[in-house]
Amino acid sequence: MSSSPSCQAAITAVGHYLPERRLTNSDLEEMVETSDEWIRTRTGIRERCILGDDGKATAFMATEAAQEALDKRGIGPDDVDLIVVATVTPDMLFPATACLVQDNLGASNAWGFDLSAACSGFIYALTTGAQFIETGQADTVLVVGADKMSSITDYTDRTTCILFGDAAGAVVLEADEEAGLHDSIHHVDGEHDDLLCMRGGGSLNPPTHETVDAHMHYLHQEGRQVFKFAVTRMADVCEEVMNRNGLDAEDVDYLVPHQANQRIIDATAKRMGLSSDQVMLNIDRYGNTTAATIPLCLFDWEEDLERGDELILTAFGGGFTWGAGHLTWAYDGAENGA
Ligand code: COA
């Protein structure tokens, strides 16, 4: 966003969905060779939510989160102009999950699409949705981050199965003259595509008995190497967005980081000069829910947020994709929606 639009896209409500079933570290101790102590100290995670296999998938969670956001804002599905769903676990490769959410909601005036940027999906979708508000193409945009990570997690691989959970988060975007998304910076670097990927199921490796036997339909991550990139890139891009907007640590009320590993979040906050009470952290309860982590943080902290609070949102994920945004909060959260 290089020009200065006359209005910003502000978040005016937040919704969420968390499956009831919990997968705890002690459950995982029964499944793979690991320990509660290792998982907590290396990642910060204690438990995650799992949707299960009863026919429900990402679109279901996305719809629940979106409906909650609309209800809190006090508007109906017909008011929605655009639905952007960030996910790497769509119900099907096509139609887009956004189409399924549109139908589930009964959002008869909306169009929509899915956005694939792995763990950076929500901030990419927020920037994308904001463009339609700023240009006047849309009055009301639903931005949803939803992932059923349990559907692509290999529960025999201790290096990845401890990390991920299922959830959805959704926000309503509307125009505001002062609050909203002022700036965002995004990057991609496809050179390291093989460090965090799902190799099977696409046009390169369509499903065969061999791809299934080789576990190619599961998420693959070289954790140690990804960690090194994530920890520097996330801090770098936060500094970049703070510098470009003339923000010092004392100007920032909250950091809203993607929840992949508490050590990455702590390092980013330290580089930004923020104290732990300025950092939204809920990885202990949900693990890494990919596109859902940032709206889930906003949901959990909503009651503490006030109009005018300055937030830095940031994420890093497969691709590699990463970025950060500067957002001024638009409403007093205790009132539960703008
Ligand atoms: N339980 C017990 N031991 C485990 C384990 C587990 N669940 N998983 C790995 N280990 C072992 C490894 O085998 C290794 O043993 P070795 O030293 O004998 O080879 C040792 O623990 C250290 O492994 P390492 O991979 O170096 O651990 P780590 O400190 O890097 O933590 C991750 C692993 C995955 C938690 C961490 O690398 C990470 O968070 N990576 C980045 C995630 C991320 O940001 N992704 C991008 C967005 S999704």
# chains A, B, ... in the order shown; residues from 1 in each chain; ligands from 1
$ residues_near_ligand --ligand "ligand 1" --cutoff "9 Å" --atoms "only C-alpha atoms and all ligand atoms" --output "number ranges by chain"
A: 28-29, 32-39, 41-43, 118-120, 157-164, 196, 221-231, 258-264, 288-290, 315-318, 320
$ closest_atom_pairs --of "segment 112-176 of chain A" --to "segment 208-215 of chain A" --cutoff "12 Å" --atoms "only C-alpha atoms" --output "Markdown table"
| residue | atom | partner | partner_atom | distance |
| --- | --- | --- | --- | --- |
| A:Ile152 | CA | A:His215 | CA | 9.7 |
| A:Thr153 | CA | A:His215 | CA | 9.8 |
| A:Asp154 | CA | A:His215 | CA | 7.6 |
| A:Tyr155 | CA | A:His215 | CA | 10.7 |
| A:Thr156 | CA | A:His215 | CA | 10.1 |
| A:Asp157 | CA | A:His215 | CA | 10.1 |
$ write_last_selection --atoms "C-alpha atoms" --output "short mmCIF file (atom, residue, chain, number, x, y, z; two decimals), in the first residue's frame"
data_model
loop_
_atom_site.label_atom_id
_atom_site.label_comp_id
_atom_site.auth_asym_id
_atom_site.auth_seq_id
_atom_site.Cartn_x
_atom_site.Cartn_y
_atom_site.Cartn_z
CA ILE A 152 -2.59 -33.64 6.52
CA THR A 153 -0.63 -34.49 9.69
CA ASP A 154 1.34 -37.74 9.87
CA TYR A 155 0.68 -39.03 13.38
CA THR A 156 3.66 -41.37 13.09
CA ASP A 157 6.09 -38.44 12.58
#
$ residues_around --residues "segment 65-75 of chain A" --least-positions-apart "5" --cutoff "10 Å" --atoms "only C-alpha atoms" --output "PyMOL selection string"
chain A and resi 12-18+59-60+80+83+101-102+104-105+140+142-146+167-172+295-296+299+335-338
$ residues_around --residues "Glu47 of chain A" --least-positions-apart "6" --cutoff "7 Å" --atoms "only C-alpha atoms" --output "count of residues only"
8
$ closest_residue --among "A:Val241, A:Leu305, A:Met280, A:Leu247" --to "Thr293 of chain A" --atoms "only C-alpha atoms"
A:Met280
$ select_by_dssp --residues "segment 212-257 of chain A" --states "helix (DSSP H, G or I)" --output "list in words"
Val212, Asp213, Gly223, Arg224, Gln225, Val226, Phe227, Lys228, Phe229, Ala230, Val231, Thr232, Arg233, Met234, Ala235, Asp236, Val237, Cys238, Glu239, Glu240, Val241, Met242, Asn243, Arg244, Ala249, Glu250 and Asp251 of chain A
$ write_last_selection --atoms "N, CA, C and O atoms" --output "short mmCIF file (atom, residue, chain, number, x, y, z; two decimals), in the first residue's frame"
data_model
loop_
_atom_site.label_atom_id
_atom_site.label_comp_id
_atom_site.auth_asym_id
_atom_site.auth_seq_id
_atom_site.Cartn_x
_atom_site.Cartn_y
_atom_site.Cartn_z
N VAL A 212 0.79 -42.59 -1.63
CA VAL A 212 0.19 -42.83 -0.30
C VAL A 212 1.18 -43.61 0.57
O VAL A 212 1.43 -43.24 1.73
N ASP A 213 1.78 -44.67 0.01
CA ASP A 213 2.74 -45.46 0.78
C ASP A 213 3.92 -44.61 1.25
O ASP A 213 4.48 -44.85 2.32
N GLY A 223 12.22 -29.18 10.32
CA GLY A 223 11.94 -28.21 11.38
C GLY A 223 13.09 -27.30 11.74
O GLY A 223 12.92 -26.08 11.85
N ARG A 224 14.28 -27.89 11.92
CA ARG A 224 15.42 -27.09 12.37
C ARG A 224 15.77 -25.99 11.36
O ARG A 224 16.04 -24.86 11.71
N GLN A 225 15.74 -26.37 10.07
CA GLN A 225 16.07 -25.40 9.03
C GLN A 225 15.00 -24.33 8.90
O GLN A 225 15.31 -23.14 8.73
N VAL A 226 13.73 -24.75 8.97
CA VAL A 226 12.64 -23.77 8.88
C VAL A 226 12.72 -22.79 10.05
O VAL A 226 12.52 -21.58 9.89
N PHE A 227 13.05 -23.32 11.22
CA PHE A 227 13.17 -22.48 12.42
C PHE A 227 14.14 -21.32 12.18
O PHE A 227 13.85 -20.17 12.50
N LYS A 228 15.29 -21.65 11.57
CA LYS A 228 16.32 -20.61 11.36
C LYS A 228 15.80 -19.49 10.48
O LYS A 228 16.05 -18.31 10.74
N PHE A 229 15.08 -19.85 9.42
CA PHE A 229 14.51 -18.81 8.55
C PHE A 229 13.42 -18.03 9.29
O PHE A 229 13.39 -16.81 9.25
N ALA A 230 12.52 -18.77 9.96
CA ALA A 230 11.36 -18.13 10.58
C ALA A 230 11.79 -17.10 11.63
O ALA A 230 11.25 -15.99 11.68
N VAL A 231 12.77 -17.47 12.43
CA VAL A 231 13.13 -16.63 13.57
C VAL A 231 13.75 -15.30 13.09
O VAL A 231 13.52 -14.26 13.70
N THR A 232 14.50 -15.34 12.00
CA THR A 232 15.07 -14.07 11.52
C THR A 232 14.09 -13.30 10.64
O THR A 232 13.93 -12.10 10.79
N ARG A 233 13.41 -13.99 9.74
CA ARG A 233 12.51 -13.29 8.79
C ARG A 233 11.35 -12.60 9.51
O ARG A 233 10.96 -11.50 9.14
N MET A 234 10.80 -13.26 10.53
CA MET A 234 9.65 -12.67 11.22
C MET A 234 10.09 -11.40 11.96
O MET A 234 9.41 -10.36 11.89
N ALA A 235 11.22 -11.46 12.63
CA ALA A 235 11.71 -10.26 13.34
C ALA A 235 12.08 -9.17 12.34
O ALA A 235 11.78 -7.99 12.54
N ASP A 236 12.73 -9.55 11.22
CA ASP A 236 13.14 -8.57 10.19
C ASP A 236 11.92 -7.81 9.66
O ASP A 236 11.94 -6.59 9.54
N VAL A 237 10.86 -8.54 9.32
CA VAL A 237 9.72 -7.89 8.66
C VAL A 237 8.93 -7.04 9.66
O VAL A 237 8.34 -6.01 9.28
N CYS A 238 8.95 -7.41 10.93
CA CYS A 238 8.31 -6.56 11.95
C CYS A 238 9.07 -5.24 12.07
O CYS A 238 8.46 -4.16 12.13
N GLU A 239 10.40 -5.33 12.10
CA GLU A 239 11.22 -4.11 12.14
C GLU A 239 10.96 -3.26 10.91
O GLU A 239 10.83 -2.03 11.01
N GLU A 240 10.87 -3.93 9.76
CA GLU A 240 10.64 -3.23 8.49
C GLU A 240 9.34 -2.43 8.55
O GLU A 240 9.30 -1.25 8.17
N VAL A 241 8.26 -3.07 9.02
CA VAL A 241 6.96 -2.38 9.03
C VAL A 241 6.95 -1.28 10.11
O VAL A 241 6.34 -0.22 9.91
N MET A 242 7.63 -1.50 11.22
CA MET A 242 7.71 -0.45 12.26
C MET A 242 8.49 0.75 11.73
O MET A 242 8.05 1.90 11.88
N ASN A 243 9.61 0.51 11.08
CA ASN A 243 10.43 1.61 10.56
C ASN A 243 9.66 2.40 9.51
O ASN A 243 9.67 3.62 9.51
N ARG A 244 8.98 1.68 8.60
CA ARG A 244 8.28 2.37 7.51
C ARG A 244 7.13 3.22 8.03
O ARG A 244 6.72 4.18 7.38
N ALA A 249 8.94 0.94 19.90
CA ALA A 249 8.32 -0.08 20.76
C ALA A 249 7.18 0.52 21.59
O ALA A 249 6.13 -0.11 21.77
N GLU A 250 7.39 1.75 22.08
CA GLU A 250 6.35 2.34 22.96
C GLU A 250 5.08 2.72 22.20
O GLU A 250 4.04 2.99 22.82
N ASP A 251 5.15 2.77 20.86
CA ASP A 251 3.94 3.07 20.07
C ASP A 251 3.07 1.84 19.85
O ASP A 251 1.93 1.95 19.40
#
$ select_by_dssp --residues "segment 189-244 of chain A" --states "strand (DSSP E)" --output "list in words"
Leu196, Cys197, His220 and Gln221 of chain A
$ write_last_selection --atoms "C-alpha atoms" --output "short mmCIF file (atom, residue, chain, number, x, y, z; two decimals), in the first residue's frame"
data_model
loop_
_atom_site.label_atom_id
_atom_site.label_comp_id
_atom_site.auth_asym_id
_atom_site.auth_seq_id
_atom_site.Cartn_x
_atom_site.Cartn_y
_atom_site.Cartn_z
CA LEU A 196 7.95 -27.14 4.31
CA CYS A 197 5.50 -28.65 1.84
CA HIS A 220 6.58 -32.44 5.47
CA GLN A 221 8.84 -30.08 7.42
#
$ closest_residue --among "A:Asp53, A:Asp183, A:Asp300, A:Glu177" --to "Ile123 of chain A" --atoms "only C-alpha atoms"
A:Asp183
$ atom_distance --atom1 "atom CA of Lys56 of chain A" --atom2 "atom CA of Ala292 of chain A"
16.7 Å
$ residues_around --residues "Leu93 of chain A" --least-positions-apart "4" --cutoff "10 Å" --atoms "only C-alpha atoms" --output "list in words"
Val88, Thr89, Thr97, Gly201 and Gly202 of chain A
$ write_last_selection --atoms "N, CA, C and O atoms" --output "compact mmCIF listing (two decimals), in the first residue's frame"
# COMPACT_ATOMS: atom_id res chain seq x y z
N VAL A 88 -4.74 -24.08 3.70
CA VAL A 88 -3.99 -25.09 2.92
C VAL A 88 -4.67 -26.45 3.02
O VAL A 88 -4.13 -27.45 2.54
N THR A 89 -5.82 -26.47 3.68
CA THR A 89 -6.56 -27.73 3.81
C THR A 89 -8.00 -27.52 3.33
O THR A 89 -8.95 -27.70 4.11
N THR A 97 -13.09 -23.37 -1.06
CA THR A 97 -13.79 -23.41 0.24
C THR A 97 -14.66 -22.16 0.40
O THR A 97 -15.73 -22.22 1.03
N GLY A 201 -0.61 -35.16 -4.19
CA GLY A 201 -1.99 -34.73 -4.36
C GLY A 201 -2.19 -33.62 -5.36
O GLY A 201 -3.29 -33.41 -5.84
N GLY A 202 -1.10 -32.90 -5.71
CA GLY A 202 -1.20 -31.86 -6.72
C GLY A 202 -0.92 -32.42 -8.10
O GLY A 202 -0.84 -33.64 -8.29
$ atom_distance --atom1 "atom CA of Thr268 of chain A" --atom2 "atom CA of Phe122 of chain A"
18.6 Å
$ atom_distance --atom1 "atom CA of Asp332 of chain A" --atom2 "atom CA of Arg307 of chain A"
5.2 Å
